[in-house]
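As structure tokens, the structure follows; a few thoughts come after it.
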Amino acid sequence: MNINENYLNLEESYLFSTVAKKVAQYTSENPDKKVIRLGIGDVTLPLCNAVIGAMHKAVDEMGSQSTFRGYGPEQGYDFLRNAVKNYYLKRNVELDTDEIFISDGAKSDIGNILDLFSKDNAVLVPDPVYPVYVDTNIMAGRKVIFANANEENDFLPLPDKNTKADIIYICSPNNPTGAVYNKEQLKLWVNYAKEQNAIILFDAAYECFVSDENLPKSIFEIEGAKDCAIEFCSLSKTAGFTGTRCGYTIVPKNLGRLNKFWLRRQTTKFNGVPYIVQRGAEAVFSEEGQKEIKENINYYKENAKIISETLTKCGIYYTGGKHSPYIWLKCPNNMKSWEFFDYLLNNIQIVGTPGSGFGQNGEGYFRLTSFGSKENTIEAMKRFEEAFSPAKV
Ligand code: PLP
């Protein structure tokens with residue numbers, strides 16, 4: 001047998017393990033210091049009541065012979081696909097149930113969708129971004145080129161007609177920068193994709209944080225997108241499903257064979273999301289569920305506001321925070337990302353994520369998240385302001 005040697009081309013990811021090691025060492029050497037973690041990309045608030053109620057009911061159904069369910073449809077139960085359909089309809093996006101595929105989260109589908117594309121496709125990925133886009137393509141032996149996101153373009157790169165790409169990744173709101181494309185900017189990407197006969201893989205995992213009606217939550221709000229885009233979304237950040245696992249992928253029928261091929265792929269390699277989880281997910285889209293998840297999202301957004309206001313006071317450049325749980329800041333005094341990480345940990349006991357872990361253009365930047373508790377966020381920002389108030393920097 002021959003092994004897939006492409007795995008040797010992956011860069012080792014030491015980002016989160018190095019963060020954990022450094023924090024563990026610091027806390028063992030300084031047991032009296034209170035370290036505040038603002039680096040986590042995971043939610044902390046529990047599932048809402050509507051979800052818990054629906055899942056309890058589903059558990060009871062599974063315990064009774066007359067309502068027990070075995071294998072479900074691989075692409076998801078219609079009750080959930082229709083709930084997703086109605087969710088999109090609220091933003092005037094009309095989808096067919098057959099275009100909606102329920103999954104165990106966005107990460108798996110983002111990786112699995114590559115089964116549908118030939119190896120010789122050129123892949124365009126923004127830098128910095130969620131590292132999964134790059135790694136999944138490297139594993140498959142594809143060539144990856146980068147679209148530079150930087151301060152000049154507000155971390156929102158636009159298409160360059162001289163670059164040839166077949167598969168284009170867009171993440172909006174972006175992880176790690178929190179930057180969000182507006183409709184005009186996304187339209188430029190849609191036009192470019194159509195000209196190039198390329199496909200856009202749109203990651204909408206953070207759409208629930210977009211609170212400006214004029215900003216798109218879905219690429220399908222853009223005219224022509226159904227001809228050239230696949231969208232991935234997840235209930236992970238929307239409703240605290242990071243451990244419960246449920247997401248959905250939209251493959252428009254306008255994409256021709258891709259819709260059929262994805263169905264074939266899923267029915268062959270995937271056996272569906274648990275009934276109990278899908279009932280919980282359905283409840284997210286109910287009136288009660290929507291109200292409850294908004295309270296949680298607003299809690300995180302309040303934290304993001306506290307962080308953003310502190311950075312503004314300190315005169316530090318940042319993006320994100322308004323329509324995203326992430327705040328992406330420029331390290332003060334031209335510090336490098338890891339240098340700033342050490343500085344924060346050693347001096348004010350705050351843990352964040354070095355921007356260099358998300359791509360070359362992340363060097364010199366740093367990601368803070370709003371997923372912590374309000375008390376901790378306030379305390380952390382008090383320390384931050386004392387250390388970096390304009391008089392001191
Ligand atoms: N896409 C982005 C941009 C993410 O940041 C994450 C998780 O952090 C995911 C997808 C994965 O989401 P899921 O939990 O649905 O697999």
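Following the order of the structure tokens, chains are lettered A, B, ..., residues in each are numbered from 1, and ligands are numbered from 1.
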Practice task
Using only C-alpha atoms and all ligand atoms, determine which residues fall within 7 Å of ligand 1, then list them as a PyMOL selection string.
Solution key: chain A and resi 41+105-108+130+171+174-175+203+205+233-236+242+245-247
Kindly save the residues from that selection, with N, CA, C and O atoms included, as a compact mmCIF listing (two decimals), in the first residue's frame.
```txt
# COMPACT_ATOMS: atom_id res chain seq x y z
N GLY A 41 -12.51 29.66 21.41
CA GLY A 41 -13.42 29.79 20.27
C GLY A 41 -14.65 28.94 20.50
O GLY A 41 -15.40 28.67 19.58
N GLY A 105 -22.35 19.24 11.63
CA GLY A 105 -21.60 20.47 11.84
C GLY A 105 -20.90 20.92 10.58
O GLY A 105 -20.74 20.14 9.62
N ALA A 106 -20.48 22.17 10.59
CA ALA A 106 -19.89 22.75 9.38
C ALA A 106 -18.52 22.17 9.06
O ALA A 106 -18.16 22.02 7.90
N LYS A 107 -17.75 21.84 10.10
CA LYS A 107 -16.38 21.40 9.85
C LYS A 107 -16.34 20.14 8.97
O LYS A 107 -15.58 20.08 8.00
N SER A 108 -17.18 19.16 9.31
CA SER A 108 -17.16 17.92 8.51
C SER A 108 -17.55 18.20 7.07
O SER A 108 -16.91 17.71 6.14
N TYR A 130 -9.79 30.65 9.13
CA TYR A 130 -10.02 29.34 9.75
C TYR A 130 -9.13 28.30 9.04
O TYR A 130 -9.30 28.07 7.84
N CYS A 171 -15.39 33.38 4.23
CA CYS A 171 -15.90 33.20 5.58
C CYS A 171 -16.35 34.56 6.07
O CYS A 171 -15.52 35.45 6.27
N ASN A 174 -15.92 36.72 9.51
CA ASN A 174 -14.70 35.93 9.42
C ASN A 174 -14.17 35.49 10.79
O ASN A 174 -14.22 36.22 11.76
N ASN A 175 -13.67 34.27 10.80
CA ASN A 175 -12.84 33.80 11.91
C ASN A 175 -11.42 33.75 11.35
O ASN A 175 -11.21 33.05 10.37
N ASP A 203 -18.76 30.08 4.07
CA ASP A 203 -18.90 29.61 5.45
C ASP A 203 -19.64 30.67 6.26
O ASP A 203 -19.13 31.76 6.52
N ALA A 205 -20.84 30.23 9.38
CA ALA A 205 -20.92 29.71 10.75
C ALA A 205 -21.24 30.79 11.79
O ALA A 205 -21.78 30.49 12.85
N CYS A 233 -23.45 26.13 7.14
CA CYS A 233 -23.81 26.84 8.36
C CYS A 233 -23.90 25.83 9.50
O CYS A 233 -23.86 24.62 9.29
N SER A 234 -24.00 26.36 10.69
CA SER A 234 -23.87 25.50 11.86
C SER A 234 -24.67 26.09 13.00
O SER A 234 -24.85 27.30 13.09
N LEU A 235 -25.13 25.20 13.87
CA LEU A 235 -25.80 25.70 15.07
C LEU A 235 -24.81 25.82 16.23
O LEU A 235 -25.19 26.13 17.35
N SER A 236 -23.53 25.57 15.95
CA SER A 236 -22.52 25.58 17.02
C SER A 236 -22.48 26.91 17.75
O SER A 236 -22.60 26.96 18.98
N THR A 242 -21.88 23.33 19.94
CA THR A 242 -20.51 22.86 19.65
C THR A 242 -20.32 21.41 20.12
O THR A 242 -19.61 20.65 19.47
N ARG A 245 -23.62 19.04 18.20
CA ARG A 245 -23.30 18.78 16.80
C ARG A 245 -24.50 18.79 15.86
O ARG A 245 -25.22 17.80 15.74
N CYS A 246 -24.71 19.89 15.20
CA CYS A 246 -25.67 19.94 14.10
C CYS A 246 -25.40 21.17 13.24
O CYS A 246 -25.14 22.25 13.75
N GLY A 247 -25.44 20.97 11.94
CA GLY A 247 -25.27 22.07 11.00
C GLY A 247 -26.04 21.77 9.73
O GLY A 247 -26.79 20.77 9.67
```
Exercise for the section: Please provide as a PyMOL selection string all residues within 8 Å of segment 337-351 of chain A, with the sequence filter that same-chain residues fewer than 4 positions apart are discarded (counting only C-alpha atoms). Expected result: chain A and resi 23+26+33-39+331-332+355-356+362-366+380+383-384+387
For the residues selected in the previous step, produce a file with C-alpha atoms as a PDB file, in the first residue's frame.
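Contents of the output file again.pdb:
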```
ATOM      1  CA  VAL A  23      -0.827  28.862  30.298  1.00  0.00           C
ATOM      2  CA  TYR A  26       2.388  30.091  34.025  1.00  0.00           C
ATOM      3  CA  LYS A  33      -2.610  34.947  39.899  1.00  0.00           C
ATOM      4  CA  LYS A  34      -6.044  34.868  38.256  1.00  0.00           C
ATOM      5  CA  VAL A  35      -5.631  34.102  34.566  1.00  0.00           C
ATOM      6  CA  ILE A  36      -8.547  35.175  32.347  1.00  0.00           C
ATOM      7  CA  ARG A  37      -9.059  33.247  29.123  1.00  0.00           C
ATOM      8  CA  LEU A  38     -10.238  35.326  26.197  1.00  0.00           C
ATOM      9  CA  GLY A  39      -8.819  32.964  23.638  1.00  0.00           C
ATOM     10  CA  CYS A 331      -0.445  44.138  18.676  1.00  0.00           C
ATOM     11  CA  PRO A 332       0.701  47.388  20.317  1.00  0.00           C
ATOM     12  CA  GLY A 355      -2.912  35.914  14.953  1.00  0.00           C
ATOM     13  CA  SER A 356       0.059  34.230  13.286  1.00  0.00           C
ATOM     14  CA  GLY A 362      -1.941  37.255  10.935  1.00  0.00           C
ATOM     15  CA  GLU A 363       1.561  37.968  12.190  1.00  0.00           C
ATOM     16  CA  GLY A 364       1.525  41.041  14.432  1.00  0.00           C
ATOM     17  CA  TYR A 365      -2.195  40.590  15.182  1.00  0.00           C
ATOM     18  CA  PHE A 366      -4.126  38.939  17.982  1.00  0.00           C
ATOM     19  CA  ALA A 380      -9.746  41.598  31.752  1.00  0.00           C
ATOM     20  CA  ARG A 383      -6.399  45.296  33.299  1.00  0.00           C
ATOM     21  CA  PHE A 384      -5.942  45.893  29.577  1.00  0.00           C
ATOM     22  CA  ALA A 387      -1.611  48.474  30.727  1.00  0.00           C
TER      23      ALA A 387
END
```
Exercise for the section: May I have the residues within 12 Å of segment 154-161 of chain A as a VMD selection string, using only C-alpha atoms and disregarding those fewer than 2 positions away in the same chain? Expected result: chain A and resid 124 to 129 146 to 152 163 to 165 168 to 182 184 to 196 200 317 to 320 328 to 330 361 to 362 365
Problem - atom CA of Ala50 of chain A to atom CA of Glu288 of chain A, straight-line distance in Å - result: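 Answer for the atom CA of Glu288 of chain A to atom CA of Ala50 of chain A separation: 6.3 Å.
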Problem - Sel. of strand (DSSP E or B) residues, segment 241-363 of chain A, as a ChimeraX atom specification - result: /A:247-250,318-320,326-330,350-351,353-354
Store the residues picked out above, limited to N, CA, C and O atoms, as a PDB file, in the first residue's frame.
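The resulting file, selection07.pdb, is reproduced below:
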```
ATOM      1  N   GLY A 247     -25.442  20.967  11.942  1.00  0.00           N
ATOM      2  CA  GLY A 247     -25.272  22.069  11.000  1.00  0.00           C
ATOM      3  C   GLY A 247     -26.043  21.766   9.729  1.00  0.00           C
ATOM      4  O   GLY A 247     -26.788  20.772   9.666  1.00  0.00           O
ATOM      5  N   TYR A 248     -25.885  22.607   8.727  1.00  0.00           N
ATOM      6  CA  TYR A 248     -26.543  22.340   7.452  1.00  0.00           C
ATOM      7  C   TYR A 248     -25.757  22.958   6.315  1.00  0.00           C
ATOM      8  O   TYR A 248     -25.061  23.949   6.485  1.00  0.00           O
ATOM      9  N   THR A 249     -25.885  22.304   5.172  1.00  0.00           N
ATOM     10  CA  THR A 249     -25.187  22.756   3.970  1.00  0.00           C
ATOM     11  C   THR A 249     -26.211  22.927   2.868  1.00  0.00           C
ATOM     12  O   THR A 249     -27.104  22.082   2.712  1.00  0.00           O
ATOM     13  N   ILE A 250     -26.101  24.044   2.155  1.00  0.00           N
ATOM     14  CA  ILE A 250     -27.048  24.325   1.069  1.00  0.00           C
ATOM     15  C   ILE A 250     -26.317  24.135  -0.260  1.00  0.00           C
ATOM     16  O   ILE A 250     -25.345  24.845  -0.553  1.00  0.00           O
ATOM     17  N   TYR A 318      -8.415  47.676  15.463  1.00  0.00           N
ATOM     18  CA  TYR A 318      -9.049  46.352  15.502  1.00  0.00           C
ATOM     19  C   TYR A 318     -10.149  46.251  14.459  1.00  0.00           C
ATOM     20  O   TYR A 318     -10.653  47.272  13.973  1.00  0.00           O
ATOM     21  N   THR A 319     -10.493  45.012  14.110  1.00  0.00           N
ATOM     22  CA  THR A 319     -11.693  44.763  13.308  1.00  0.00           C
ATOM     23  C   THR A 319     -12.567  43.812  14.116  1.00  0.00           C
ATOM     24  O   THR A 319     -12.117  43.214  15.097  1.00  0.00           O
ATOM     25  N   GLY A 320     -13.810  43.630  13.648  1.00  0.00           N
ATOM     26  CA  GLY A 320     -14.712  42.663  14.282  1.00  0.00           C
ATOM     27  C   GLY A 320     -15.379  43.213  15.523  1.00  0.00           C
ATOM     28  O   GLY A 320     -15.352  44.412  15.790  1.00  0.00           O
ATOM     29  N   TYR A 326     -15.560  37.631  17.557  1.00  0.00           N
ATOM     30  CA  TYR A 326     -14.110  37.809  17.528  1.00  0.00           C
ATOM     31  C   TYR A 326     -13.708  39.263  17.367  1.00  0.00           C
ATOM     32  O   TYR A 326     -14.312  40.009  16.595  1.00  0.00           O
ATOM     33  N   ILE A 327     -12.664  39.625  18.100  1.00  0.00           N
ATOM     34  CA  ILE A 327     -12.071  40.950  17.967  1.00  0.00           C
ATOM     35  C   ILE A 327     -10.617  40.727  17.579  1.00  0.00           C
ATOM     36  O   ILE A 327      -9.892  39.994  18.254  1.00  0.00           O
ATOM     37  N   TRP A 328     -10.248  41.341  16.467  1.00  0.00           N
ATOM     38  CA  TRP A 328      -8.922  41.109  15.870  1.00  0.00           C
ATOM     39  C   TRP A 328      -8.138  42.404  15.989  1.00  0.00           C
ATOM     40  O   TRP A 328      -8.525  43.415  15.412  1.00  0.00           O
ATOM     41  N   LEU A 329      -7.096  42.387  16.796  1.00  0.00           N
ATOM     42  CA  LEU A 329      -6.412  43.645  17.062  1.00  0.00           C
ATOM     43  C   LEU A 329      -4.956  43.611  16.637  1.00  0.00           C
ATOM     44  O   LEU A 329      -4.339  42.543  16.530  1.00  0.00           O
ATOM     45  N   LYS A 330      -4.457  44.812  16.400  1.00  0.00           N
ATOM     46  CA  LYS A 330      -3.050  44.929  16.039  1.00  0.00           C
ATOM     47  C   LYS A 330      -2.250  44.987  17.332  1.00  0.00           C
ATOM     48  O   LYS A 330      -2.567  45.794  18.226  1.00  0.00           O
ATOM     49  N   ILE A 350      -3.887  37.767  30.876  1.00  0.00           N
ATOM     50  CA  ILE A 350      -4.976  37.550  29.912  1.00  0.00           C
ATOM     51  C   ILE A 350      -4.459  36.602  28.834  1.00  0.00           C
ATOM     52  O   ILE A 350      -3.331  36.749  28.359  1.00  0.00           O
ATOM     53  N   VAL A 351      -5.318  35.632  28.460  1.00  0.00           N
ATOM     54  CA  VAL A 351      -4.937  34.695  27.405  1.00  0.00           C
ATOM     55  C   VAL A 351      -5.766  34.989  26.157  1.00  0.00           C
ATOM     56  O   VAL A 351      -6.988  35.081  26.218  1.00  0.00           O
ATOM     57  N   THR A 353      -5.412  34.579  21.467  1.00  0.00           N
ATOM     58  CA  THR A 353      -4.860  33.683  20.450  1.00  0.00           C
ATOM     59  C   THR A 353      -3.979  34.467  19.484  1.00  0.00           C
ATOM     60  O   THR A 353      -4.447  35.449  18.890  1.00  0.00           O
ATOM     61  N   PRO A 354      -2.714  34.049  19.324  1.00  0.00           N
ATOM     62  CA  PRO A 354      -1.820  34.758  18.411  1.00  0.00           C
ATOM     63  C   PRO A 354      -2.316  34.689  16.966  1.00  0.00           C
ATOM     64  O   PRO A 354      -2.637  33.604  16.462  1.00  0.00           O
TER      65      PRO A 354
END
```
Handout entry: Length of the atom CA of Asp78 of chain A to atom CA of Thr97 of chain A vector [Å]
Key =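 Computing it gives 7.6 Å between the two atoms.
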Practice task
Could you give me, as a ChimeraX atom specification, the residues within 12 Å of segment 271-273 of chain A, counting only C-alpha atoms and dropping anything in the same chain fewer than 4 positions from it?
Solution key: /A:70-77,80,101-105,244-248,263-267,277-281
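With only C-alpha atoms as the atoms that count, the minimum distance from Glu386 of chain A to the choices A:Tyr299, A:Ser370, A:Gly53, A:Thr310 is reached by A:Thr310.
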Handout entry: atom CA of Gly359 of chain A to atom CA of Glu302 of chain A, distance in Å rounded to a single decimal
Key =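 It comes out at 28.1 Å.
Distances to Asn333 of chain A were evaluated for A:Val210, A:Ile316, A:Ile3, A:Ile100 using only C-alpha atoms, and the minimum falls at A:Ile316.
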Applying 12 Å and only C-alpha atoms, which residues near Glu99 of chain A remain after dropping the ones on its own chain fewer than 5 positions away? List them as a short mmCIF file (atom, residue, chain, number, x, y, z; two decimals) with all heavy atoms, in the first residue's frame.
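Dumped to result_28.cif:
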```
data_model
loop_
_atom_site.label_atom_id
_atom_site.label_comp_id
_atom_site.auth_asym_id
_atom_site.auth_seq_id
_atom_site.Cartn_x
_atom_site.Cartn_y
_atom_site.Cartn_z
N GLN A 75 -29.83 12.78 4.67
CA GLN A 75 -29.76 14.23 4.44
C GLN A 75 -30.57 15.03 5.46
O GLN A 75 -30.69 16.24 5.35
CB GLN A 75 -30.17 14.59 3.00
CG GLN A 75 -31.60 14.25 2.62
CD GLN A 75 -31.77 12.80 2.17
OE1 GLN A 75 -31.15 11.89 2.71
NE2 GLN A 75 -32.64 12.58 1.22
N GLY A 76 -31.13 14.35 6.44
CA GLY A 76 -31.87 15.03 7.51
C GLY A 76 -33.36 14.83 7.40
O GLY A 76 -33.90 14.56 6.32
N ASP A 78 -37.25 15.86 7.29
CA ASP A 78 -37.93 16.99 6.64
C ASP A 78 -38.35 18.07 7.65
O ASP A 78 -38.36 19.25 7.32
CB ASP A 78 -39.14 16.50 5.84
CG ASP A 78 -38.72 16.08 4.44
OD1 ASP A 78 -37.56 16.35 4.06
OD2 ASP A 78 -39.55 15.46 3.73
N ARG A 81 -35.29 20.19 7.87
CA ARG A 81 -34.97 20.85 6.59
C ARG A 81 -35.99 21.96 6.31
O ARG A 81 -35.65 23.02 5.81
CB ARG A 81 -34.97 19.82 5.47
CG ARG A 81 -33.91 18.76 5.68
CD ARG A 81 -34.11 17.63 4.70
NE ARG A 81 -33.30 17.76 3.50
CZ ARG A 81 -33.52 17.08 2.39
NH1 ARG A 81 -34.54 16.24 2.31
NH2 ARG A 81 -32.74 17.23 1.34
N ASN A 82 -37.26 21.69 6.66
CA ASN A 82 -38.28 22.73 6.43
C ASN A 82 -38.10 23.91 7.39
O ASN A 82 -38.35 25.06 7.03
CB ASN A 82 -39.68 22.14 6.56
CG ASN A 82 -40.02 21.31 5.34
OD1 ASN A 82 -39.59 21.64 4.23
ND2 ASN A 82 -40.75 20.22 5.53
N VAL A 84 -35.22 24.99 8.42
CA VAL A 84 -34.11 25.75 7.83
C VAL A 84 -34.63 26.56 6.63
O VAL A 84 -34.32 27.74 6.46
CB VAL A 84 -32.95 24.81 7.40
CG1 VAL A 84 -31.88 25.56 6.62
CG2 VAL A 84 -32.33 24.11 8.62
N LYS A 85 -35.45 25.90 5.83
CA LYS A 85 -36.02 26.56 4.65
C LYS A 85 -36.77 27.83 5.06
O LYS A 85 -36.60 28.90 4.46
CB LYS A 85 -36.98 25.56 3.98
CG LYS A 85 -37.63 26.04 2.73
CD LYS A 85 -38.47 24.90 2.17
CE LYS A 85 -39.53 25.48 1.26
NZ LYS A 85 -40.14 24.48 0.42
N TYR A 88 -34.48 30.72 6.07
CA TYR A 88 -33.94 31.46 4.92
C TYR A 88 -35.01 32.35 4.27
O TYR A 88 -34.70 33.43 3.78
CB TYR A 88 -33.35 30.50 3.87
CG TYR A 88 -31.92 30.11 4.18
CD1 TYR A 88 -31.63 29.13 5.12
CD2 TYR A 88 -30.85 30.75 3.55
CE1 TYR A 88 -30.32 28.79 5.42
CE2 TYR A 88 -29.54 30.41 3.85
CZ TYR A 88 -29.29 29.42 4.78
OH TYR A 88 -27.98 29.10 5.08
N GLU A 94 -35.30 31.86 -1.18
CA GLU A 94 -36.16 30.69 -1.37
C GLU A 94 -35.32 29.47 -1.70
O GLU A 94 -34.56 29.48 -2.66
CB GLU A 94 -37.14 30.96 -2.52
CG GLU A 94 -38.32 31.79 -2.08
CD GLU A 94 -39.33 31.99 -3.19
OE1 GLU A 94 -39.69 31.01 -3.85
OE2 GLU A 94 -39.71 33.16 -3.39
N LYS A 226 -26.86 31.52 -6.40
CA LYS A 226 -27.29 30.11 -6.50
C LYS A 226 -26.65 29.40 -7.69
O LYS A 226 -26.68 28.19 -7.79
CB LYS A 226 -28.81 30.05 -6.63
CG LYS A 226 -29.52 30.16 -5.30
CD LYS A 226 -30.97 29.82 -5.49
CE LYS A 226 -31.75 30.02 -4.22
NZ LYS A 226 -33.18 29.96 -4.47
N ALA A 229 -22.50 29.04 -5.80
CA ALA A 229 -22.06 28.96 -4.40
C ALA A 229 -22.73 27.81 -3.64
O ALA A 229 -23.88 27.44 -3.90
CB ALA A 229 -22.32 30.27 -3.68
N ILE A 230 -21.97 27.30 -2.70
CA ILE A 230 -22.46 26.33 -1.71
C ILE A 230 -22.29 27.01 -0.35
O ILE A 230 -21.27 27.68 -0.13
CB ILE A 230 -21.64 25.02 -1.77
CG1 ILE A 230 -21.91 24.30 -3.09
CG2 ILE A 230 -21.94 24.11 -0.58
CD1 ILE A 230 -21.05 23.06 -3.31
N GLU A 231 -23.28 26.88 0.52
CA GLU A 231 -23.17 27.55 1.83
C GLU A 231 -23.16 26.51 2.96
O GLU A 231 -23.93 25.56 2.96
CB GLU A 231 -24.35 28.51 2.01
CG GLU A 231 -24.35 29.24 3.34
CD GLU A 231 -25.20 30.50 3.28
OE1 GLU A 231 -24.89 31.39 2.47
OE2 GLU A 231 -26.19 30.58 4.03
N PHE A 232 -22.27 26.76 3.92
CA PHE A 232 -22.17 25.91 5.11
C PHE A 232 -22.62 26.72 6.31
O PHE A 232 -22.19 27.87 6.47
CB PHE A 232 -20.73 25.46 5.34
CG PHE A 232 -20.15 24.77 4.14
CD1 PHE A 232 -19.51 25.49 3.15
CD2 PHE A 232 -20.30 23.40 3.99
CE1 PHE A 232 -19.01 24.85 2.02
CE2 PHE A 232 -19.80 22.75 2.87
CZ PHE A 232 -19.15 23.49 1.88
N TYR A 248 -25.88 22.61 8.73
CA TYR A 248 -26.54 22.34 7.45
C TYR A 248 -25.76 22.96 6.31
O TYR A 248 -25.06 23.95 6.48
CB TYR A 248 -27.99 22.84 7.45
CG TYR A 248 -28.19 24.25 7.99
CD1 TYR A 248 -28.15 25.34 7.14
CD2 TYR A 248 -28.41 24.46 9.35
CE1 TYR A 248 -28.33 26.64 7.64
CE2 TYR A 248 -28.58 25.74 9.85
CZ TYR A 248 -28.55 26.82 9.00
OH TYR A 248 -28.71 28.09 9.49
N THR A 249 -25.88 22.30 5.17
CA THR A 249 -25.19 22.76 3.97
C THR A 249 -26.21 22.93 2.87
O THR A 249 -27.10 22.08 2.71
CB THR A 249 -24.11 21.71 3.59
OG1 THR A 249 -23.12 21.76 4.61
CG2 THR A 249 -23.46 22.00 2.25
N ILE A 250 -26.10 24.04 2.16
CA ILE A 250 -27.05 24.32 1.07
C ILE A 250 -26.32 24.13 -0.26
O ILE A 250 -25.35 24.84 -0.55
CB ILE A 250 -27.57 25.79 1.13
CG1 ILE A 250 -27.97 26.20 2.56
CG2 ILE A 250 -28.68 26.02 0.11
CD1 ILE A 250 -29.15 25.54 3.14
N VAL A 251 -26.78 23.17 -1.03
CA VAL A 251 -26.21 22.95 -2.37
C VAL A 251 -27.33 23.22 -3.38
O VAL A 251 -28.22 22.37 -3.58
CB VAL A 251 -25.66 21.52 -2.53
CG1 VAL A 251 -24.93 21.38 -3.85
CG2 VAL A 251 -24.75 21.14 -1.37
N PRO A 252 -27.33 24.40 -4.00
CA PRO A 252 -28.44 24.75 -4.91
C PRO A 252 -28.54 23.80 -6.10
O PRO A 252 -27.52 23.30 -6.60
CB PRO A 252 -28.06 26.17 -5.39
CG PRO A 252 -27.09 26.68 -4.40
CD PRO A 252 -26.35 25.49 -3.89
N LYS A 253 -29.77 23.59 -6.55
CA LYS A 253 -29.97 22.73 -7.72
C LYS A 253 -29.42 23.38 -8.98
O LYS A 253 -29.10 22.69 -9.94
CB LYS A 253 -31.45 22.42 -7.87
CG LYS A 253 -31.94 21.43 -6.85
CD LYS A 253 -33.34 21.03 -7.18
CE LYS A 253 -33.88 20.06 -6.18
NZ LYS A 253 -35.34 20.03 -6.20
N ASN A 254 -29.32 24.71 -8.96
CA ASN A 254 -28.74 25.40 -10.12
C ASN A 254 -27.32 24.94 -10.40
O ASN A 254 -26.80 25.17 -11.48
CB ASN A 254 -28.66 26.93 -9.87
CG ASN A 254 -30.01 27.59 -10.00
OD1 ASN A 254 -31.02 26.90 -10.07
ND2 ASN A 254 -30.02 28.92 -10.02
N LEU A 255 -26.69 24.35 -9.40
CA LEU A 255 -25.31 23.88 -9.60
C LEU A 255 -25.26 22.56 -10.34
O LEU A 255 -24.21 21.94 -10.46
CB LEU A 255 -24.57 23.77 -8.25
CG LEU A 255 -24.43 25.07 -7.46
CD1 LEU A 255 -23.76 24.80 -6.12
CD2 LEU A 255 -23.62 26.10 -8.24
N GLY A 256 -26.43 22.13 -10.80
CA GLY A 256 -26.48 20.92 -11.63
C GLY A 256 -26.08 19.68 -10.86
O GLY A 256 -26.62 19.39 -9.80
N LEU A 258 -23.75 18.92 -8.98
CA LEU A 258 -23.19 19.00 -7.62
C LEU A 258 -24.24 18.64 -6.56
O LEU A 258 -23.93 18.00 -5.56
CB LEU A 258 -22.62 20.40 -7.35
CG LEU A 258 -21.27 20.69 -8.02
CD1 LEU A 258 -20.84 22.12 -7.73
CD2 LEU A 258 -20.20 19.72 -7.55
N ASN A 259 -25.49 19.06 -6.77
CA ASN A 259 -26.55 18.74 -5.81
C ASN A 259 -26.75 17.22 -5.74
O ASN A 259 -26.80 16.64 -4.65
CB ASN A 259 -27.84 19.48 -6.21
CG ASN A 259 -29.00 19.11 -5.30
OD1 ASN A 259 -29.61 18.05 -5.46
ND2 ASN A 259 -29.30 19.96 -4.34
N LYS A 260 -26.83 16.60 -6.89
CA LYS A 260 -27.02 15.12 -6.95
C LYS A 260 -25.80 14.40 -6.37
O LYS A 260 -25.94 13.41 -5.65
CB LYS A 260 -27.20 14.68 -8.40
CG LYS A 260 -28.59 14.85 -8.93
CD LYS A 260 -28.85 13.80 -10.04
CE LYS A 260 -30.26 13.89 -10.55
NZ LYS A 260 -30.50 15.12 -11.33
N PHE A 261 -24.63 14.88 -6.74
CA PHE A 261 -23.41 14.22 -6.28
C PHE A 261 -23.28 14.33 -4.76
O PHE A 261 -22.82 13.40 -4.11
CB PHE A 261 -22.16 14.85 -6.94
CG PHE A 261 -21.93 14.41 -8.36
CD1 PHE A 261 -22.88 13.70 -9.07
CD2 PHE A 261 -20.73 14.73 -9.00
CE1 PHE A 261 -22.66 13.30 -10.39
CE2 PHE A 261 -20.49 14.34 -10.32
CZ PHE A 261 -21.46 13.63 -11.01
N TRP A 262 -23.66 15.46 -4.20
CA TRP A 262 -23.56 15.63 -2.74
C TRP A 262 -24.54 14.69 -2.04
O TRP A 262 -24.21 14.05 -1.04
CB TRP A 262 -23.81 17.10 -2.35
CG TRP A 262 -23.69 17.34 -0.87
CD1 TRP A 262 -24.67 17.77 -0.02
CD2 TRP A 262 -22.51 17.19 -0.05
NE1 TRP A 262 -24.19 17.88 1.27
CE2 TRP A 262 -22.87 17.53 1.27
CE3 TRP A 262 -21.20 16.79 -0.31
CZ2 TRP A 262 -21.95 17.48 2.33
CZ3 TRP A 262 -20.29 16.73 0.75
CH2 TRP A 262 -20.67 17.09 2.05
N LEU A 263 -25.74 14.56 -2.61
CA LEU A 263 -26.71 13.62 -2.05
C LEU A 263 -26.13 12.20 -2.09
O LEU A 263 -26.20 11.45 -1.11
CB LEU A 263 -28.03 13.68 -2.84
CG LEU A 263 -29.10 12.69 -2.39
CD1 LEU A 263 -29.58 13.00 -0.96
CD2 LEU A 263 -30.28 12.68 -3.34
#
```
